[in-house]
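Listing of input11.txt, compact mmCIF, C-alpha atoms
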```txt
# COMPACT_ATOMS: atom_id res chain seq x y z
CA MET D 145 -38.07 -20.62 8.44
CA GLY D 146 -34.65 -21.35 9.90
CA ARG D 147 -33.51 -22.96 6.62
CA VAL D 148 -34.53 -19.91 4.58
CA SER D 149 -32.59 -17.67 6.96
CA GLU D 150 -29.51 -19.87 6.72
CA THR D 151 -29.66 -19.82 2.90
CA ARG D 152 -29.88 -16.04 2.82
CA ASP D 153 -26.97 -15.65 5.22
CA ASP D 154 -24.85 -18.03 3.16
CA SER D 155 -25.49 -16.11 -0.05
CA ALA D 156 -24.65 -12.87 1.70
CA GLU D 157 -21.36 -14.27 2.94
CA HIS D 158 -20.42 -15.70 -0.48
CA PRO D 159 -20.88 -12.89 -3.04
CA ARG D 160 -20.28 -13.51 -6.73
CA ARG D 161 -16.61 -13.66 -7.69
CA PHE D 162 -15.24 -10.43 -9.20
CA SER D 163 -18.62 -8.76 -8.69
CA VAL D 164 -16.83 -5.53 -7.81
CA LEU D 165 -15.15 -5.52 -11.23
CA ARG D 166 -18.49 -6.15 -12.96
CA SER D 167 -19.93 -2.90 -11.62
CA TRP D 168 -19.45 0.43 -13.38
CA LYS D 169 -19.63 2.20 -10.03
CA THR D 170 -16.51 0.44 -8.69
CA ALA D 171 -14.46 -0.83 -11.66
CA PRO D 172 -13.31 2.66 -12.80
CA TYR D 173 -12.35 3.45 -9.23
CA LEU D 174 -10.13 0.36 -8.95
CA VAL D 175 -8.52 1.01 -12.34
CA GLY D 176 -8.00 4.68 -11.45
CA SER D 177 -6.37 3.74 -8.14
CA GLY D 178 -4.04 1.35 -9.95
CA MET D 179 -3.07 4.05 -12.47
CA GLY D 180 -2.51 6.54 -9.67
CA MET D 181 -0.19 4.07 -7.95
CA MET D 182 1.57 3.52 -11.28
CA GLY D 183 2.13 7.28 -11.58
CA ASP D 184 3.54 7.30 -8.04
CA ASN D 185 6.09 4.63 -8.95
CA ILE D 186 6.91 6.17 -12.35
CA GLU D 187 7.81 9.38 -10.54
CA HIS D 188 10.13 7.46 -8.22
CA VAL D 189 11.94 5.85 -11.16
CA ILE D 190 12.51 9.12 -13.04
CA THR D 191 13.24 11.46 -10.14
CA TYR D 192 15.49 9.06 -8.22
CA TRP D 193 17.59 8.55 -11.36
CA VAL D 194 17.90 12.31 -11.98
CA LEU D 195 18.68 13.07 -8.33
CA TRP D 196 21.49 10.51 -8.25
CA GLN D 197 22.95 11.76 -11.55
CA LYS D 198 22.91 15.36 -10.35
CA PHE D 199 23.86 15.12 -6.67
CA GLU D 200 25.31 11.59 -6.14
CA SER D 201 24.32 11.92 -2.48
CA PRO D 202 23.78 8.78 -0.36
CA ALA D 203 22.23 11.05 2.27
CA LEU D 204 19.61 12.16 -0.27
CA VAL D 205 18.87 8.51 -1.08
CA GLY D 206 18.12 7.96 2.60
CA PHE D 207 15.98 11.08 2.69
CA GLN D 208 13.98 9.78 -0.28
CA LEU D 209 12.89 6.75 1.76
CA ILE D 210 12.27 8.72 4.95
CA SER D 211 10.25 11.46 3.23
CA HIS D 212 8.07 8.82 1.56
CA TRP D 213 7.21 6.78 4.68
CA LEU D 214 7.53 9.20 7.61
CA PRO D 215 4.27 11.07 6.79
CA PHE D 216 2.44 7.73 7.02
CA LEU D 217 3.97 7.13 10.44
CA LEU D 218 3.19 10.57 11.88
CA LEU D 219 0.02 11.73 10.13
CA SER D 220 -2.03 8.73 8.94
CA VAL D 221 -4.36 8.72 11.96
CA TYR D 222 -5.01 12.43 11.51
CA ALA D 223 -5.59 11.83 7.78
CA GLY D 224 -8.16 9.24 8.87
CA SER D 225 -9.90 11.84 11.05
CA LEU D 226 -10.02 14.18 8.04
CA ALA D 227 -11.63 11.38 6.04
CA GLU D 228 -14.34 11.17 8.72
CA ARG D 229 -15.01 14.92 8.61
CA PHE D 230 -14.82 15.73 4.89
CA ASP D 231 -15.96 14.39 1.54
CA CYS D 232 -13.50 11.58 0.75
CA ARG D 233 -13.77 12.29 -2.97
CA ARG D 234 -12.28 15.73 -2.44
CA LEU D 235 -9.50 14.47 -0.16
CA ILE D 236 -8.44 11.91 -2.78
CA GLN D 237 -8.60 14.56 -5.51
CA ILE D 238 -6.45 16.90 -3.40
CA GLY D 239 -3.92 14.08 -3.03
CA GLN D 240 -3.92 13.41 -6.77
CA VAL D 241 -3.56 17.13 -7.56
CA MET D 242 -0.61 17.27 -5.16
CA PHE D 243 1.00 14.40 -7.09
CA MET D 244 0.37 16.21 -10.39
CA VAL D 245 1.76 19.52 -9.12
CA VAL D 246 4.88 17.76 -7.83
CA SER D 247 5.43 16.09 -11.24
CA LEU D 248 4.87 19.44 -12.96
CA CYS D 249 7.41 21.14 -10.69
CA TRP D 250 9.96 18.38 -11.29
CA GLY D 251 9.47 18.82 -15.04
CA ILE D 252 9.92 22.59 -14.92
CA LEU D 253 13.07 22.28 -12.79
CA PHE D 254 14.47 19.62 -15.16
CA LEU D 255 13.60 21.71 -18.23
CA THR D 256 15.27 24.85 -16.90
CA ASP D 257 18.19 22.92 -15.35
CA SER D 258 17.64 24.82 -12.10
CA LEU D 259 17.07 21.95 -9.64
CA GLN D 260 18.64 22.54 -6.22
CA LEU D 261 18.91 20.18 -3.27
CA TRP D 262 16.43 22.05 -1.06
CA GLN D 263 13.84 22.06 -3.86
CA ALA D 264 14.19 18.31 -4.28
CA CYS D 265 13.68 17.79 -0.54
CA VAL D 266 10.52 19.95 -0.51
CA LEU D 267 9.01 18.07 -3.48
CA LEU D 268 9.83 14.69 -1.93
CA VAL D 269 8.05 15.69 1.30
CA ILE D 270 4.95 16.94 -0.57
CA HIS D 271 4.87 13.68 -2.51
CA GLY D 272 4.91 11.70 0.76
CA LEU D 273 2.14 13.87 2.25
CA ALA D 274 -0.03 13.29 -0.83
CA GLY D 275 0.21 9.51 -0.40
CA CYS D 276 -0.62 9.81 3.31
CA LEU D 277 -3.74 11.90 2.60
CA TRP D 278 -4.91 9.49 -0.12
CA GLY D 279 -4.82 6.26 1.94
CA PRO D 280 -7.63 6.46 4.56
CA ALA D 281 -10.03 8.30 2.22
CA GLU D 282 -9.46 5.61 -0.43
CA GLN D 283 -10.50 2.85 1.98
CA MET D 284 -13.51 4.84 3.23
CA MET D 285 -14.74 5.04 -0.37
CA LEU D 286 -14.57 1.25 -0.70
CA HIS D 287 -16.85 0.92 2.32
CA ASP D 288 -19.34 3.21 0.53
CA PHE D 289 -19.22 1.44 -2.83
CA VAL D 290 -20.15 -2.05 -1.59
CA ASP D 291 -22.12 -3.66 1.22
CA ARG D 292 -20.57 -5.59 4.09
CA SER D 293 -20.58 -8.97 2.30
CA GLU D 294 -18.60 -7.61 -0.65
CA LEU D 295 -16.20 -5.46 1.37
CA PRO D 296 -13.40 -8.09 1.64
CA SER D 297 -13.57 -8.56 -2.14
CA ALA D 298 -13.38 -4.81 -2.73
CA VAL D 299 -10.39 -4.46 -0.39
CA ARG D 300 -8.65 -7.42 -2.05
CA LEU D 301 -9.17 -6.19 -5.62
CA ASN D 302 -8.18 -2.65 -4.69
CA ALA D 303 -4.93 -4.04 -3.27
CA THR D 304 -4.48 -6.10 -6.46
CA PHE D 305 -4.83 -3.10 -8.77
CA ARG D 306 -2.46 -1.09 -6.62
CA SER D 307 -0.03 -4.03 -6.89
CA LEU D 308 -0.43 -3.85 -10.67
CA GLY D 309 0.57 -0.19 -10.50
CA ILE D 310 3.58 -1.03 -8.34
CA LEU D 311 4.55 -3.89 -10.70
CA PHE D 312 4.34 -1.98 -13.98
CA GLY D 313 5.22 1.51 -12.70
CA PRO D 314 8.99 0.87 -12.85
CA VAL D 315 8.62 -0.73 -16.30
CA VAL D 316 6.67 2.22 -17.71
CA GLY D 317 8.92 4.71 -15.89
CA SER D 318 12.02 3.13 -17.40
CA ALA D 319 10.42 3.22 -20.87
CA LEU D 320 9.51 6.91 -20.48
CA LEU D 321 13.04 7.65 -19.28
CA LEU D 322 14.53 5.79 -22.23
CA PHE D 323 12.32 7.11 -25.05
CA PHE D 324 11.36 10.61 -23.87
CA GLY D 325 14.03 11.51 -21.33
CA PRO D 326 13.44 12.59 -17.73
CA THR D 327 11.89 15.98 -18.53
CA TRP D 328 9.12 14.93 -20.91
CA GLY D 329 8.77 11.60 -19.11
CA ILE D 330 7.83 13.34 -15.85
CA PHE D 331 5.43 15.65 -17.72
CA ILE D 332 3.72 12.62 -19.31
CA ASN D 333 3.45 11.05 -15.86
CA ILE D 334 0.82 13.66 -14.91
CA VAL D 335 -1.66 11.83 -17.18
CA PHE D 336 -1.67 8.75 -14.92
CA TYR D 337 -3.30 10.69 -12.08
CA LEU D 338 -6.16 12.05 -14.21
CA PRO D 339 -8.51 8.99 -14.51
CA LEU D 340 -9.14 8.70 -10.75
CA THR D 341 -9.42 12.48 -10.37
CA LEU D 342 -11.99 12.76 -13.16
CA PHE D 343 -13.98 9.70 -12.05
CA LEU D 344 -14.42 11.19 -8.58
CA MET D 345 -16.11 14.21 -10.17
CA ARG D 346 -18.88 11.93 -11.42
CA THR D 347 -19.47 9.36 -8.68
CA PRO D 348 -22.16 10.20 -6.08
CA TYR D 349 -20.38 8.26 -3.32
CA THR D 350 -18.63 10.33 -0.68
CA GLY D 351 -17.28 7.74 1.75
CA HIS D 352 -20.05 8.56 4.23
CA ILE D 353 -23.31 7.32 2.71
CA ARG D 354 -23.33 3.98 4.53
CA SER D 355 -21.99 5.46 7.76
CA GLY D 356 -24.86 7.91 8.15
CA GLY D 357 -23.11 11.14 7.23
CA ILE D 358 -20.01 13.21 7.88
CA ARG D 359 -18.78 13.56 11.47
CA THR D 360 -18.84 17.23 12.42
CA THR D 361 -16.70 17.07 15.57
CA ARG D 362 -13.26 18.55 15.07
CA THR D 363 -10.28 16.42 16.05
CA THR D 364 -6.78 17.69 16.73
CA LEU D 365 -3.67 15.73 15.86
CA LEU D 366 -3.21 14.62 19.48
CA GLN D 367 -6.89 13.79 19.97
CA SER D 368 -6.84 11.59 16.85
CA LEU D 369 -4.28 9.32 18.52
CA ARG D 370 -6.87 8.38 21.18
CA VAL D 371 -8.25 5.90 18.67
CA LEU D 372 -5.70 3.37 19.93
CA ILE D 373 -7.25 3.65 23.40
CA ASP D 374 -10.75 3.27 21.93
CA VAL D 375 -9.94 -0.02 20.17
CA ARG D 376 -7.61 -1.53 22.77
CA HIS D 377 -10.19 -4.15 23.83
CA ASN D 378 -10.81 -5.37 20.26
CA ARG D 379 -8.18 -8.07 19.85
CA SER D 380 -8.90 -8.51 16.14
CA ILE D 381 -8.07 -4.87 15.37
CA VAL D 382 -5.09 -4.74 17.75
CA GLY D 383 -3.79 -8.03 16.32
CA MET D 384 -3.98 -6.73 12.74
CA LEU D 385 -2.17 -3.53 13.71
CA LEU D 386 0.58 -5.56 15.38
CA LEU D 387 0.87 -7.89 12.37
CA ALA D 388 1.21 -4.94 10.01
CA ALA D 389 3.87 -3.33 12.22
CA LEU D 390 5.84 -6.56 12.63
CA ALA D 391 5.87 -7.25 8.88
CA SER D 392 6.94 -3.67 8.10
CA ILE D 393 9.79 -3.60 10.60
CA THR D 394 11.18 -7.08 9.91
CA ILE D 395 10.66 -7.50 6.15
CA GLY D 396 8.83 -4.38 4.88
CA ALA D 397 10.98 -2.77 2.22
CA VAL D 398 13.98 -4.90 3.23
CA LEU D 399 13.57 -7.45 0.45
CA GLN D 400 13.34 -4.76 -2.22
CA THR D 401 16.27 -2.71 -0.93
CA SER D 402 18.46 -5.81 -0.59
CA MET D 403 17.71 -7.13 -4.09
CA PRO D 404 20.95 -5.76 -5.61
CA VAL D 405 22.92 -7.86 -3.10
CA PHE D 406 20.95 -11.02 -3.85
CA SER D 407 21.10 -10.46 -7.62
CA GLY D 408 24.89 -10.43 -7.44
CA ILE D 409 24.93 -13.62 -5.34
CA LEU D 410 22.43 -15.49 -7.52
CA ALA D 411 23.95 -14.41 -10.83
CA GLY D 412 27.33 -15.78 -9.73
CA PRO D 413 30.79 -14.67 -10.82
CA GLY D 414 30.63 -13.20 -14.32
CA GLY D 415 26.83 -13.54 -14.43
CA ASP D 416 24.34 -10.89 -15.55
CA SER D 417 23.39 -9.37 -12.20
CA ASP D 418 21.32 -6.61 -13.87
CA SER D 419 18.99 -9.16 -15.49
CA ALA D 420 18.81 -11.13 -12.26
CA TYR D 421 17.89 -7.94 -10.39
CA GLY D 422 15.03 -7.19 -12.79
CA MET D 423 13.69 -10.74 -12.61
CA LEU D 424 13.76 -10.79 -8.81
CA LEU D 425 11.90 -7.48 -8.52
CA PHE D 426 9.33 -8.57 -11.11
CA ALA D 427 8.78 -11.93 -9.39
CA MET D 428 7.63 -10.49 -6.07
CA GLY D 429 5.40 -7.90 -7.77
CA ALA D 430 3.91 -10.57 -10.01
CA GLY D 431 3.23 -12.71 -6.95
CA GLY D 432 1.19 -9.89 -5.44
CA VAL D 433 -0.94 -9.50 -8.57
CA LEU D 434 -1.32 -13.26 -9.07
CA GLY D 435 -2.22 -13.71 -5.42
CA GLY D 436 -4.90 -11.03 -5.52
CA PHE D 437 -6.67 -12.49 -8.54
CA LEU D 438 -6.26 -16.05 -7.25
CA LEU D 439 -7.79 -15.18 -3.88
CA GLU D 440 -10.73 -13.49 -5.55
CA ALA D 441 -11.29 -16.35 -8.01
CA THR D 442 -11.18 -19.11 -5.39
CA GLY D 443 -12.53 -17.44 -2.27
CA TRP D 444 -10.36 -19.80 -0.23
CA VAL D 445 -9.20 -17.22 2.30
CA ARG D 446 -11.80 -15.70 4.60
CA PRO D 447 -11.17 -12.44 6.48
CA THR D 448 -10.16 -13.98 9.81
CA PRO D 449 -7.21 -13.21 12.12
CA ALA D 450 -5.98 -16.78 11.72
CA ALA D 451 -5.79 -16.40 7.93
CA ALA D 452 -3.91 -13.09 8.23
CA ALA D 453 -1.45 -14.59 10.72
CA VAL D 454 -0.76 -17.67 8.57
CA ALA D 455 -0.19 -15.49 5.49
CA ALA D 456 2.20 -13.21 7.42
CA ALA D 457 4.05 -16.27 8.73
CA GLY D 458 4.22 -17.53 5.14
CA LEU D 459 5.87 -14.27 4.10
CA GLY D 460 8.45 -14.73 6.85
CA ALA D 461 9.09 -18.37 5.95
CA SER D 462 9.44 -17.66 2.21
CA SER D 463 11.89 -14.85 3.03
CA ILE D 464 14.05 -17.33 4.94
CA VAL D 465 14.04 -19.80 2.04
CA PHE D 466 14.88 -16.98 -0.39
CA ALA D 467 17.83 -15.89 1.75
CA PHE D 468 19.26 -19.44 1.76
CA THR D 469 18.79 -20.41 -1.88
CA SER D 470 21.65 -20.19 -4.34
CA HIS D 471 19.60 -20.97 -7.48
CA LEU D 472 18.07 -18.06 -9.42
CA TRP D 473 14.94 -19.85 -10.63
CA LEU D 474 14.17 -21.26 -7.20
CA ALA D 475 14.61 -17.75 -5.79
CA ILE D 476 12.12 -16.42 -8.36
CA VAL D 477 9.54 -19.07 -7.42
CA VAL D 478 9.99 -18.34 -3.72
CA LEU D 479 9.57 -14.59 -4.32
CA VAL D 480 6.32 -15.24 -6.20
CA ILE D 481 5.12 -17.17 -3.12
CA ALA D 482 6.29 -14.29 -0.92
CA GLY D 483 4.28 -11.87 -3.06
CA VAL D 484 1.17 -14.05 -2.76
CA SER D 485 1.64 -14.25 1.02
CA LYS D 486 2.16 -10.50 1.30
CA ILE D 487 -1.00 -9.46 -0.53
CA THR D 488 -2.99 -12.17 1.29
CA ALA D 489 -1.83 -10.88 4.68
CA GLU D 490 -2.30 -7.19 3.88
CA SER D 491 -5.72 -7.48 2.19
CA THR D 492 -7.00 -9.79 4.94
CA GLU D 493 -5.76 -7.43 7.64
CA MET D 494 -7.42 -4.43 5.99
CA ALA D 495 -10.68 -6.34 5.46
CA ILE D 496 -10.77 -7.19 9.18
CA ILE D 497 -10.00 -3.56 10.07
CA GLN D 498 -12.86 -2.41 7.83
CA LEU D 499 -15.32 -4.99 9.18
CA GLU D 500 -14.43 -4.53 12.86
CA ALA D 501 -13.92 -0.76 13.05
CA PRO D 502 -16.64 1.14 14.96
CA GLN D 503 -18.59 3.34 12.56
CA GLU D 504 -17.86 6.62 14.36
CA ILE D 505 -14.05 6.16 14.28
CA ARG D 506 -13.66 4.15 11.08
CA GLY D 507 -11.36 6.66 9.37
CA ARG D 508 -9.00 6.89 12.34
CA VAL D 509 -8.83 3.10 12.70
CA ILE D 510 -7.96 2.82 9.00
CA GLY D 511 -5.38 5.57 9.51
CA SER D 512 -3.94 3.60 12.43
CA TYR D 513 -3.39 0.65 10.11
CA ALA D 514 -1.50 2.94 7.71
CA THR D 515 0.63 4.10 10.66
CA PHE D 516 1.46 0.56 11.79
CA GLY D 517 1.85 -0.77 8.23
CA PRO D 518 3.38 1.61 5.66
CA GLY D 519 4.49 4.04 8.37
CA MET D 520 6.62 1.47 10.16
CA GLN D 521 8.55 0.86 6.94
CA THR D 522 10.42 3.99 7.97
CA PHE D 523 12.34 1.70 10.35
CA SER D 524 12.85 -1.27 8.01
CA GLY D 525 15.93 0.38 6.55
CA VAL D 526 17.36 0.70 10.06
CA THR D 527 16.62 -2.98 10.67
CA VAL D 528 18.46 -4.22 7.59
CA GLY D 529 21.24 -1.65 8.09
CA VAL D 530 21.98 -2.68 11.68
CA LEU D 531 21.61 -6.43 11.10
CA GLY D 532 23.48 -6.22 7.81
CA THR D 533 26.38 -4.50 9.57
CA ILE D 534 26.52 -7.04 12.38
CA ALA D 535 26.13 -10.02 10.05
CA THR D 536 25.43 -10.10 6.29
CA ILE D 537 22.42 -8.99 4.24
CA PRO D 538 21.19 -12.60 3.65
CA GLN D 539 21.53 -13.27 7.37
CA ALA D 540 19.62 -10.06 8.12
CA VAL D 541 16.75 -11.21 5.87
CA THR D 542 16.84 -14.64 7.54
CA ILE D 543 16.59 -13.12 11.01
CA GLY D 544 13.80 -10.77 9.92
CA GLY D 545 11.86 -13.61 8.32
CA ALA D 546 12.22 -15.81 11.40
CA VAL D 547 11.04 -13.04 13.72
CA LEU D 548 8.07 -12.37 11.43
CA ALA D 549 7.07 -16.05 11.18
CA ILE D 550 7.25 -16.68 14.94
CA GLY D 551 5.72 -13.33 15.87
CA ALA D 552 2.85 -13.72 13.39
CA ILE D 553 1.80 -17.03 14.93
CA ALA D 554 1.92 -15.51 18.43
CA ILE D 555 -0.12 -12.47 17.35
CA GLY D 556 -2.58 -14.73 15.54
CA ALA D 557 -3.09 -16.78 18.70
CA TYR D 558 -3.69 -13.56 20.66
CA ALA D 559 -6.28 -12.27 18.14
CA VAL D 560 -8.08 -15.59 17.72
CA GLY D 561 -8.22 -16.05 21.50
CA GLY D 562 -9.91 -12.67 21.79
CA ARG D 563 -12.57 -13.55 19.21
CA ARG D 564 -13.35 -16.83 20.99
CA GLN D 565 -13.61 -14.99 24.29
CA ALA D 566 -15.95 -12.42 22.73
```
Give the structure from this file in structure tokens form.
Amino acid sequence: MGRVSETRDDSAEHPRRFSVLRSWKTAPYLVGSGMGMMGDNIEHVITYWVLWQKFESPALVGFQLISHWLPFLLLSVYAGSLAERFDCRRLIQIGQVMFMVVSLCWGILFLTDSLQLWQACVLLVIHGLAGCLWGPAEQMMLHDFVDRSELPSAVRLNATFRSLGILFGPVVGSALLLFFGPTWGIFINIVFYLPLTLFLMRTPYTGHIRSGGIRTTRTTLLQSLRVLIDVRHNRSIVGMLLLAALASITIGAVLQTSMPVFSGILAGPGGDSDSAYGMLLFAMGAGGVLGGFLLEATGWVRPTPAAAAVAAAGLGASSIVFAFTSHLWLAIVVLVIAGVSKITAESTEMAIIQLEAPQEIRGRVIGSYATFGPGMQTFSGVTVGVLGTIATIPQAVTIGGAVLAIGAIAIGAYAVGGRRQA
């Protein structure tokens, strides 16, 4: 009897590889999420180019980053409470419609040549709010689509398809800009949000089927922040939140924003820094996609705090090596490794959050992760700016990577110690 039980448990813990992609109830959702993320990045490529050409304002460049990440920092937990109270399909659709309306407004303003600075700021803020609303509801839907044994796989593949959108969004955005111009390119971008929006009209899953229904209790913005008090004794959740925050503050968007500096260094005097810049950006994005599919194919990494901590430390260590190297091809290889480490850490952290979160506050716990992860990227620009002023950009990346590597191991020890104690 004991042997039969052990066999069943083992099969439950080791689901079939890529089973989520084999199902028509989940595969369109993953593809739609990836296309939505591609549309998000296409919009960045086109609008950022137009805004610089028209206003040439460094202050507006800073506002672009702040308006994108600050809503995640301030409102993600509340967005999670909304995901607990309402049909997640509708919340995601509202987010996608917001993206489409913003693209439509950009296109009209480009077409009529009537874009003003205040209008650009309003559209940038709405775009950031749409991404914030989308996040927790998207993860709640994953929990509905699959059972507990397949949840880490669903989280991992969802992150992989979003990485595909991030990887190819700039490529497609540049092509639209080149062949159709900014006006028609931004109009065409609306199409990328449609597949996920239409799919959610047909799926019966709401994000609440497995959790026993929608929570009816209303939560204010301040009350939603109590979730951090509710989970303070769960070291696994607290550890993953701290890991996400540490990675965002130390490395976060720092590598991407500092790429122009490194491309000039690695290309050398008289070298093609533009080509080097493109290759470096592509390498880290490709690492994320490669890592996601590799993790799913092998099943080597289990959703444990130790695995998340090692992957985060690997991101820090690879950042240090990248900052020191003077050879372009070695830098590309190291960035691929950094991309693999990044998606491993983030997907493992989110899987643990999903598995450990109490049912009644699942949305707010997921929202907390968005606050500590993407939200904290609001400060990564400050990190690289301050350190880059005191030292140099490569030294700033080195310091950030070292802090991440050391801090990740310490946080991992804290989280693992809590699980053993429990």
Can you work out the spacing between atom CA of Phe331 of chain D and atom CA of Gln208 of chain D in Å, to one decimal?
->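 Separation between atom CA of Phe331 of chain D and atom CA of Gln208 of chain D: 20.3 Å.
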Could the residues of segment 393-419 of chain D that have an atom at most 10 Å from segment 543-551 of chain D be listed as a Markdown table, each with its closest atom pair and the distance in Å to one decimal, counting only C-alpha atoms and ordered by chain and ascending residue number?
```
| residue | atom | partner | partner_atom | distance |
| --- | --- | --- | --- | --- |
| D:Ile393 | CA | D:Gly544 | CA | 8.2 |
| D:Thr394 | CA | D:Gly544 | CA | 4.5 |
| D:Ile395 | CA | D:Gly544 | CA | 5.9 |
| D:Gly396 | CA | D:Gly544 | CA | 9.5 |
| D:Val398 | CA | D:Gly544 | CA | 8.9 |
```
Shell of 12 Å around Arg300 of chain D, all atoms listed in the file, local chain residues under 3 positions omitted, as a VMD selection string | chain D and resid 161 to 162 164 to 165 174 283 286 294 to 297 303 to 307 432 to 441 443 445 to 447 484 486 to 496 498
A straight line from atom CA of Leu214 of chain D to atom CA of Phe343 of chain D spans 29.1 Å
Tell me, counting only C-alpha atoms, for each residue of segment 221-277 of chain D within 12 Å of segment 179-200 of chain D, which pair of atoms is nearest and how far apart they are in Å to one decimal, in rows ordered by chain and increasing number, as JSON lines.
```
{"residue": "D:Ile236", "atom": "CA", "partner": "D:Gly180", "partner_atom": "CA", "distance": 10.6}
{"residue": "D:Gln237", "atom": "CA", "partner": "D:Gly180", "partner_atom": "CA", "distance": 10.9}
{"residue": "D:Gly239", "atom": "CA", "partner": "D:Gly180", "partner_atom": "CA", "distance": 10.1}
{"residue": "D:Gln240", "atom": "CA", "partner": "D:Gly180", "partner_atom": "CA", "distance": 7.6}
{"residue": "D:Val241", "atom": "CA", "partner": "D:Gly180", "partner_atom": "CA", "distance": 10.8}
{"residue": "D:Met242", "atom": "CA", "partner": "D:Asp184", "partner_atom": "CA", "distance": 11.2}
{"residue": "D:Phe243", "atom": "CA", "partner": "D:Asp184", "partner_atom": "CA", "distance": 7.6}
{"residue": "D:Met244", "atom": "CA", "partner": "D:Gly183", "partner_atom": "CA", "distance": 9.2}
{"residue": "D:Val245", "atom": "CA", "partner": "D:Glu187", "partner_atom": "CA", "distance": 11.9}
{"residue": "D:Val246", "atom": "CA", "partner": "D:Glu187", "partner_atom": "CA", "distance": 9.3}
{"residue": "D:Ser247", "atom": "CA", "partner": "D:Glu187", "partner_atom": "CA", "distance": 7.2}
{"residue": "D:Leu248", "atom": "CA", "partner": "D:Glu187", "partner_atom": "CA", "distance": 10.8}
{"residue": "D:Cys249", "atom": "CA", "partner": "D:Thr191", "partner_atom": "CA", "distance": 11.3}
{"residue": "D:Trp250", "atom": "CA", "partner": "D:Thr191", "partner_atom": "CA", "distance": 7.7}
{"residue": "D:Gly251", "atom": "CA", "partner": "D:Thr191", "partner_atom": "CA", "distance": 9.6}
{"residue": "D:Leu253", "atom": "CA", "partner": "D:Val194", "partner_atom": "CA", "distance": 11.1}
{"residue": "D:Phe254", "atom": "CA", "partner": "D:Val194", "partner_atom": "CA", "distance": 8.7}
{"residue": "D:Asp257", "atom": "CA", "partner": "D:Lys198", "partner_atom": "CA", "distance": 10.2}
{"residue": "D:Ser258", "atom": "CA", "partner": "D:Lys198", "partner_atom": "CA", "distance": 11.0}
{"residue": "D:Leu259", "atom": "CA", "partner": "D:Lys198", "partner_atom": "CA", "distance": 8.8}
{"residue": "D:Gln260", "atom": "CA", "partner": "D:Phe199", "partner_atom": "CA", "distance": 9.1}
{"residue": "D:Leu261", "atom": "CA", "partner": "D:Phe199", "partner_atom": "CA", "distance": 7.9}
{"residue": "D:Trp262", "atom": "CA", "partner": "D:Phe199", "partner_atom": "CA", "distance": 11.6}
{"residue": "D:Gln263", "atom": "CA", "partner": "D:Leu195", "partner_atom": "CA", "distance": 11.1}
{"residue": "D:Ala264", "atom": "CA", "partner": "D:Leu195", "partner_atom": "CA", "distance": 8.0}
{"residue": "D:Cys265", "atom": "CA", "partner": "D:Leu195", "partner_atom": "CA", "distance": 10.4}
{"residue": "D:Leu267", "atom": "CA", "partner": "D:Thr191", "partner_atom": "CA", "distance": 10.3}
{"residue": "D:Leu268", "atom": "CA", "partner": "D:Thr191", "partner_atom": "CA", "distance": 9.5}
{"residue": "D:His271", "atom": "CA", "partner": "D:Asp184", "partner_atom": "CA", "distance": 8.5}
{"residue": "D:Gly272", "atom": "CA", "partner": "D:Asp184", "partner_atom": "CA", "distance": 9.9}
{"residue": "D:Ala274", "atom": "CA", "partner": "D:Asp184", "partner_atom": "CA", "distance": 10.0}
{"residue": "D:Gly275", "atom": "CA", "partner": "D:Asp184", "partner_atom": "CA", "distance": 8.6}
```
Only C-alpha atoms, please: the residues just picked out, written as a CSV table (one decimal), in the frame of the given file.
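Wrote again_29.csv, looks like this:
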```
chain,number,residue,atom,x,y,z
D,236,ILE,CA,-8.4,11.9,-2.8
D,237,GLN,CA,-8.6,14.6,-5.5
D,239,GLY,CA,-3.9,14.1,-3.0
D,240,GLN,CA,-3.9,13.4,-6.8
D,241,VAL,CA,-3.6,17.1,-7.6
D,242,MET,CA,-0.6,17.3,-5.2
D,243,PHE,CA,1.0,14.4,-7.1
D,244,MET,CA,0.4,16.2,-10.4
D,245,VAL,CA,1.8,19.5,-9.1
D,246,VAL,CA,4.9,17.8,-7.8
D,247,SER,CA,5.4,16.1,-11.2
D,248,LEU,CA,4.9,19.4,-13.0
D,249,CYS,CA,7.4,21.1,-10.7
D,250,TRP,CA,10.0,18.4,-11.3
D,251,GLY,CA,9.5,18.8,-15.0
D,253,LEU,CA,13.1,22.3,-12.8
D,254,PHE,CA,14.5,19.6,-15.2
D,257,ASP,CA,18.2,22.9,-15.4
D,258,SER,CA,17.6,24.8,-12.1
D,259,LEU,CA,17.1,22.0,-9.6
D,260,GLN,CA,18.6,22.5,-6.2
D,261,LEU,CA,18.9,20.2,-3.3
D,262,TRP,CA,16.4,22.0,-1.1
D,263,GLN,CA,13.8,22.1,-3.9
D,264,ALA,CA,14.2,18.3,-4.3
D,265,CYS,CA,13.7,17.8,-0.5
D,267,LEU,CA,9.0,18.1,-3.5
D,268,LEU,CA,9.8,14.7,-1.9
D,271,HIS,CA,4.9,13.7,-2.5
D,272,GLY,CA,4.9,11.7,0.8
D,274,ALA,CA,0.0,13.3,-0.8
D,275,GLY,CA,0.2,9.5,-0.4
```
Coordinates of box centre and edge lengths for segment 200-210 of chain D, 4 Å on every side, axis-aligned, as AutoDock Vina command-line options:
```
--center_x 18.8 --center_y 9.5 --center_z -0.6 --size_x 21.0 --size_y 13.4 --size_z 19.1
```
Give me, as a PDB file with C-alpha atoms, in the coordinates of the input, all polymer residues having an atom no more than 9 Å from Arg234 of chain D, counting all atoms listed in the file and skipping those fewer than 6 positions away in the same chain.
```
ATOM      1  CA  LEU D 344     -14.420  11.190  -8.580  1.00  0.00           C
ATOM      2  CA  MET D 345     -16.110  14.210 -10.170  1.00  0.00           C
ATOM      3  CA  THR D 350     -18.630  10.330  -0.680  1.00  0.00           C
TER       4      THR D 350
END
```
